[in-house]
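Let me begin by presenting the structure, written as structure tokens, before commenting on it.
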Amino acid sequence: MKPTKQKIMIDLERLNRLNSEGCPACKRKFTLGETVVLACGPWQGAKYIHENEAVFDKTTSAYYERKCYPI
């Protein structure tokens with residue numbers, strides 16, 4: 001998967017859908033116009049998190065939560 005396919009900008013529909021849980025990586029709520037990415041982390045499956053909380057791995061072509069990505 002290309003990073004642009006996993007990266008979206010928060011619109012009103014997504015804001016309403018995603019803000020019930022908030023960002024699983026940093027626990028903050030999303031705001032309109034923010035860039036989020038579909039990332040893997042300690043949670044089950046991939047979830048949208050703030051882009052600055054993620055690292056893109058070129059080998060797997062996937063985003064991972066910073067805290068879970070081996071440096």
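Please note that chains go A, B, ... in the order of the structure tokens, that every chain numbers its residues from 1, and that ligands are numbered from 1 in the order shown.
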
Which of chain A fall in strand (DSSP E or B), as a PyMOL selection string: chain A and resi 7-9+35-40+46-50+54-57+62-65

As a list in words, please: the residues near segment 54-60 of chain A (cut-off 12 Å, only C-alpha atoms, same-chain neighbours under 5 positions excluded).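 Final neighbour list, sorted by chain and number: Met1, Lys2, Pro3, Thr4, Gln6, Lys7, Cys23, Pro24, Ala25, Cys26, Thr35, Val36, Val37, Leu38, Ala39, Cys40, Gly41, Ala46, Lys47, Tyr48, Ile49, Glu65, Arg66, Lys67, Cys68, Tyr69, Pro70 and Ile71 of chain A.
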
Save the residues we just selected, N, CA and C atoms, as a PDB file, in the first residue's frame?
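Final output, out-v6.pdb:
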```pdb
ATOM      1  N   MET A   1       0.833  -1.180   0.000  1.00  0.00           N
ATOM      2  CA  MET A   1       0.000   0.000   0.000  1.00  0.00           C
ATOM      3  C   MET A   1       0.881   1.248   0.000  1.00  0.00           C
ATOM      4  N   LYS A   2       0.538   2.235  -0.785  1.00  0.00           N
ATOM      5  CA  LYS A   2       1.297   3.478  -0.816  1.00  0.00           C
ATOM      6  C   LYS A   2       0.890   4.349   0.366  1.00  0.00           C
ATOM      7  N   PRO A   3       1.830   5.158   0.900  1.00  0.00           N
ATOM      8  CA  PRO A   3       1.508   5.978   2.059  1.00  0.00           C
ATOM      9  C   PRO A   3       0.354   6.935   1.808  1.00  0.00           C
ATOM     10  N   THR A   4       0.198   7.435   0.584  1.00  0.00           N
ATOM     11  CA  THR A   4      -0.890   8.368   0.306  1.00  0.00           C
ATOM     12  C   THR A   4      -2.249   7.694   0.420  1.00  0.00           C
ATOM     13  N   GLN A   6      -2.976   5.540   2.677  1.00  0.00           N
ATOM     14  CA  GLN A   6      -3.213   5.361   4.101  1.00  0.00           C
ATOM     15  C   GLN A   6      -3.339   6.687   4.838  1.00  0.00           C
ATOM     16  N   LYS A   7      -3.109   7.787   4.142  1.00  0.00           N
ATOM     17  CA  LYS A   7      -3.118   9.110   4.754  1.00  0.00           C
ATOM     18  C   LYS A   7      -4.376   9.848   4.310  1.00  0.00           C
ATOM     19  N   CYS A  23      -7.808   9.526  19.261  1.00  0.00           N
ATOM     20  CA  CYS A  23      -6.600   8.899  18.731  1.00  0.00           C
ATOM     21  C   CYS A  23      -6.110   7.828  19.703  1.00  0.00           C
ATOM     22  N   PRO A  24      -5.998   6.574  19.253  1.00  0.00           N
ATOM     23  CA  PRO A  24      -5.543   5.519  20.165  1.00  0.00           C
ATOM     24  C   PRO A  24      -4.068   5.663  20.575  1.00  0.00           C
ATOM     25  N   ALA A  25      -3.301   6.419  19.820  1.00  0.00           N
ATOM     26  CA  ALA A  25      -1.875   6.581  20.132  1.00  0.00           C
ATOM     27  C   ALA A  25      -1.634   7.631  21.213  1.00  0.00           C
ATOM     28  N   CYS A  26      -2.307   8.789  21.104  1.00  0.00           N
ATOM     29  CA  CYS A  26      -2.031   9.880  22.049  1.00  0.00           C
ATOM     30  C   CYS A  26      -3.236  10.259  22.915  1.00  0.00           C
ATOM     31  N   THR A  35      -4.257  15.819   9.461  1.00  0.00           N
ATOM     32  CA  THR A  35      -3.855  14.662   8.663  1.00  0.00           C
ATOM     33  C   THR A  35      -3.666  13.482   9.601  1.00  0.00           C
ATOM     34  N   VAL A  36      -4.311  12.368   9.245  1.00  0.00           N
ATOM     35  CA  VAL A  36      -4.188  11.141  10.033  1.00  0.00           C
ATOM     36  C   VAL A  36      -3.762  10.011   9.105  1.00  0.00           C
ATOM     37  N   VAL A  37      -3.197   8.963   9.694  1.00  0.00           N
ATOM     38  CA  VAL A  37      -2.753   7.812   8.912  1.00  0.00           C
ATOM     39  C   VAL A  37      -3.320   6.537   9.516  1.00  0.00           C
ATOM     40  N   LEU A  38      -3.487   5.549   8.673  1.00  0.00           N
ATOM     41  CA  LEU A  38      -3.931   4.234   9.109  1.00  0.00           C
ATOM     42  C   LEU A  38      -2.697   3.481   9.582  1.00  0.00           C
ATOM     43  N   ALA A  39      -2.623   3.193  10.882  1.00  0.00           N
ATOM     44  CA  ALA A  39      -1.398   2.628  11.457  1.00  0.00           C
ATOM     45  C   ALA A  39      -1.677   1.409  12.324  1.00  0.00           C
ATOM     46  N   CYS A  40      -0.647   0.591  12.447  1.00  0.00           N
ATOM     47  CA  CYS A  40      -0.689  -0.562  13.345  1.00  0.00           C
ATOM     48  C   CYS A  40      -0.087  -0.146  14.671  1.00  0.00           C
ATOM     49  N   GLY A  41      -0.563  -0.772  15.734  1.00  0.00           N
ATOM     50  CA  GLY A  41      -0.049  -0.481  17.065  1.00  0.00           C
ATOM     51  C   GLY A  41      -0.426  -1.598  18.005  1.00  0.00           C
ATOM     52  N   ALA A  46      -5.590  -2.179  12.212  1.00  0.00           N
ATOM     53  CA  ALA A  46      -5.075  -0.838  11.933  1.00  0.00           C
ATOM     54  C   ALA A  46      -6.131   0.200  12.295  1.00  0.00           C
ATOM     55  N   LYS A  47      -5.682   1.318  12.857  1.00  0.00           N
ATOM     56  CA  LYS A  47      -6.582   2.411  13.223  1.00  0.00           C
ATOM     57  C   LYS A  47      -5.973   3.732  12.783  1.00  0.00           C
ATOM     58  N   TYR A  48      -6.831   4.750  12.625  1.00  0.00           N
ATOM     59  CA  TYR A  48      -6.352   6.082  12.277  1.00  0.00           C
ATOM     60  C   TYR A  48      -5.766   6.757  13.507  1.00  0.00           C
ATOM     61  N   ILE A  49      -4.547   7.301  13.330  1.00  0.00           N
ATOM     62  CA  ILE A  49      -3.888   8.060  14.389  1.00  0.00           C
ATOM     63  C   ILE A  49      -3.317   9.340  13.784  1.00  0.00           C
ATOM     64  N   GLU A  65       2.659   2.944  14.979  1.00  0.00           N
ATOM     65  CA  GLU A  65       2.721   3.900  16.074  1.00  0.00           C
ATOM     66  C   GLU A  65       4.176   4.024  16.510  1.00  0.00           C
ATOM     67  N   ARG A  66       4.636   5.248  16.771  1.00  0.00           N
ATOM     68  CA  ARG A  66       6.040   5.500  17.134  1.00  0.00           C
ATOM     69  C   ARG A  66       6.510   4.634  18.291  1.00  0.00           C
ATOM     70  N   LYS A  67       5.678   4.485  19.322  1.00  0.00           N
ATOM     71  CA  LYS A  67       6.074   3.735  20.513  1.00  0.00           C
ATOM     72  C   LYS A  67       6.277   2.248  20.224  1.00  0.00           C
ATOM     73  N   CYS A  68       5.648   1.742  19.158  1.00  0.00           N
ATOM     74  CA  CYS A  68       5.738   0.313  18.824  1.00  0.00           C
ATOM     75  C   CYS A  68       6.766   0.016  17.733  1.00  0.00           C
ATOM     76  N   TYR A  69       7.338   1.062  17.141  1.00  0.00           N
ATOM     77  CA  TYR A  69       8.255   0.859  16.024  1.00  0.00           C
ATOM     78  C   TYR A  69       9.680   0.688  16.542  1.00  0.00           C
ATOM     79  N   PRO A  70      10.320  -0.436  16.223  1.00  0.00           N
ATOM     80  CA  PRO A  70      11.705  -0.619  16.682  1.00  0.00           C
ATOM     81  C   PRO A  70      12.661   0.309  15.936  1.00  0.00           C
ATOM     82  N   ILE A  71      13.483   0.991  16.673  1.00  0.00           N
ATOM     83  CA  ILE A  71      14.407   1.958  16.056  1.00  0.00           C
ATOM     84  C   ILE A  71      15.697   1.279  15.661  1.00  0.00           C
TER      85      ILE A  71
END
```

Quick one, how far is atom CA of Leu18 of chain A from atom CA of Phe30 of chain A? 7.5 Å

Give me every alpha helix (DSSP H) residue in chain A, going by DSSP on the backbone, as a list in words.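 Answer for chain A, restricted to alpha helix (DSSP H): Pro3, Thr4, Lys5, Gln6, Leu12, Glu13, Arg14, Leu15, Asn16, Arg17 and Leu18 of chain A.
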
Let me see the file: selected residues, N, CA, C and O atoms, as a PDB file, in the first residue's frame.
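Listing of result_2.pdb after writing:
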```pdb
ATOM      1  N   PRO A   3       1.830   5.158   0.900  1.00  0.00           N
ATOM      2  CA  PRO A   3       1.508   5.978   2.059  1.00  0.00           C
ATOM      3  C   PRO A   3       0.354   6.935   1.808  1.00  0.00           C
ATOM      4  O   PRO A   3      -0.407   7.221   2.713  1.00  0.00           O
ATOM      5  N   THR A   4       0.198   7.435   0.584  1.00  0.00           N
ATOM      6  CA  THR A   4      -0.890   8.368   0.306  1.00  0.00           C
ATOM      7  C   THR A   4      -2.249   7.694   0.420  1.00  0.00           C
ATOM      8  O   THR A   4      -3.229   8.344   0.715  1.00  0.00           O
ATOM      9  N   LYS A   5      -2.339   6.394   0.193  1.00  0.00           N
ATOM     10  CA  LYS A   5      -3.598   5.662   0.336  1.00  0.00           C
ATOM     11  C   LYS A   5      -3.964   5.495   1.802  1.00  0.00           C
ATOM     12  O   LYS A   5      -5.104   5.288   2.142  1.00  0.00           O
ATOM     13  N   GLN A   6      -2.976   5.540   2.677  1.00  0.00           N
ATOM     14  CA  GLN A   6      -3.213   5.361   4.101  1.00  0.00           C
ATOM     15  C   GLN A   6      -3.339   6.687   4.838  1.00  0.00           C
ATOM     16  O   GLN A   6      -3.640   6.695   6.011  1.00  0.00           O
ATOM     17  N   LEU A  12     -15.711  16.396   8.205  1.00  0.00           N
ATOM     18  CA  LEU A  12     -16.750  16.378   9.234  1.00  0.00           C
ATOM     19  C   LEU A  12     -17.282  14.971   9.490  1.00  0.00           C
ATOM     20  O   LEU A  12     -17.464  14.566  10.641  1.00  0.00           O
ATOM     21  N   GLU A  13     -17.485  14.186   8.435  1.00  0.00           N
ATOM     22  CA  GLU A  13     -18.002  12.824   8.595  1.00  0.00           C
ATOM     23  C   GLU A  13     -17.019  11.970   9.393  1.00  0.00           C
ATOM     24  O   GLU A  13     -17.394  11.264  10.326  1.00  0.00           O
ATOM     25  N   ARG A  14     -15.737  12.038   9.048  1.00  0.00           N
ATOM     26  CA  ARG A  14     -14.718  11.257   9.765  1.00  0.00           C
ATOM     27  C   ARG A  14     -14.539  11.764  11.192  1.00  0.00           C
ATOM     28  O   ARG A  14     -14.309  10.985  12.108  1.00  0.00           O
ATOM     29  N   LEU A  15     -14.621  13.068  11.363  1.00  0.00           N
ATOM     30  CA  LEU A  15     -14.500  13.652  12.701  1.00  0.00           C
ATOM     31  C   LEU A  15     -15.578  13.076  13.615  1.00  0.00           C
ATOM     32  O   LEU A  15     -15.283  12.631  14.724  1.00  0.00           O
ATOM     33  N   ASN A  16     -16.811  13.045  13.134  1.00  0.00           N
ATOM     34  CA  ASN A  16     -17.911  12.509  13.934  1.00  0.00           C
ATOM     35  C   ASN A  16     -17.731  11.021  14.213  1.00  0.00           C
ATOM     36  O   ASN A  16     -18.046  10.545  15.295  1.00  0.00           O
ATOM     37  N   ARG A  17     -17.215  10.282  13.260  1.00  0.00           N
ATOM     38  CA  ARG A  17     -17.044   8.840  13.403  1.00  0.00           C
ATOM     39  C   ARG A  17     -15.859   8.486  14.305  1.00  0.00           C
ATOM     40  O   ARG A  17     -15.958   7.589  15.146  1.00  0.00           O
ATOM     41  N   LEU A  18     -14.734   9.180  14.145  1.00  0.00           N
ATOM     42  CA  LEU A  18     -13.505   8.816  14.853  1.00  0.00           C
ATOM     43  C   LEU A  18     -13.371   9.416  16.251  1.00  0.00           C
ATOM     44  O   LEU A  18     -12.635   8.898  17.069  1.00  0.00           O
TER      45      LEU A  18
END
```

Figure out the distance between atom CA of Ser61 of chain A and atom CA of Thr31 of chain A, please, to one decimal in Å.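 Atom-to-atom, atom CA of Thr31 of chain A to atom CA of Ser61 of chain A, that is 26.1 Å.
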
Using only C-alpha atoms: which of A:Asp11, A:Tyr64, A:Lys29, A:Asn19 has the shortest distance to Pro42 of chain A: A:Tyr64

Interatomic distance (Å, one decimal) between atom CA of Lys27 of chain A and atom CA of Ile10 of chain A: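 One can read the atom CA of Lys27 of chain A to atom CA of Ile10 of chain A distance as 16.1 Å.
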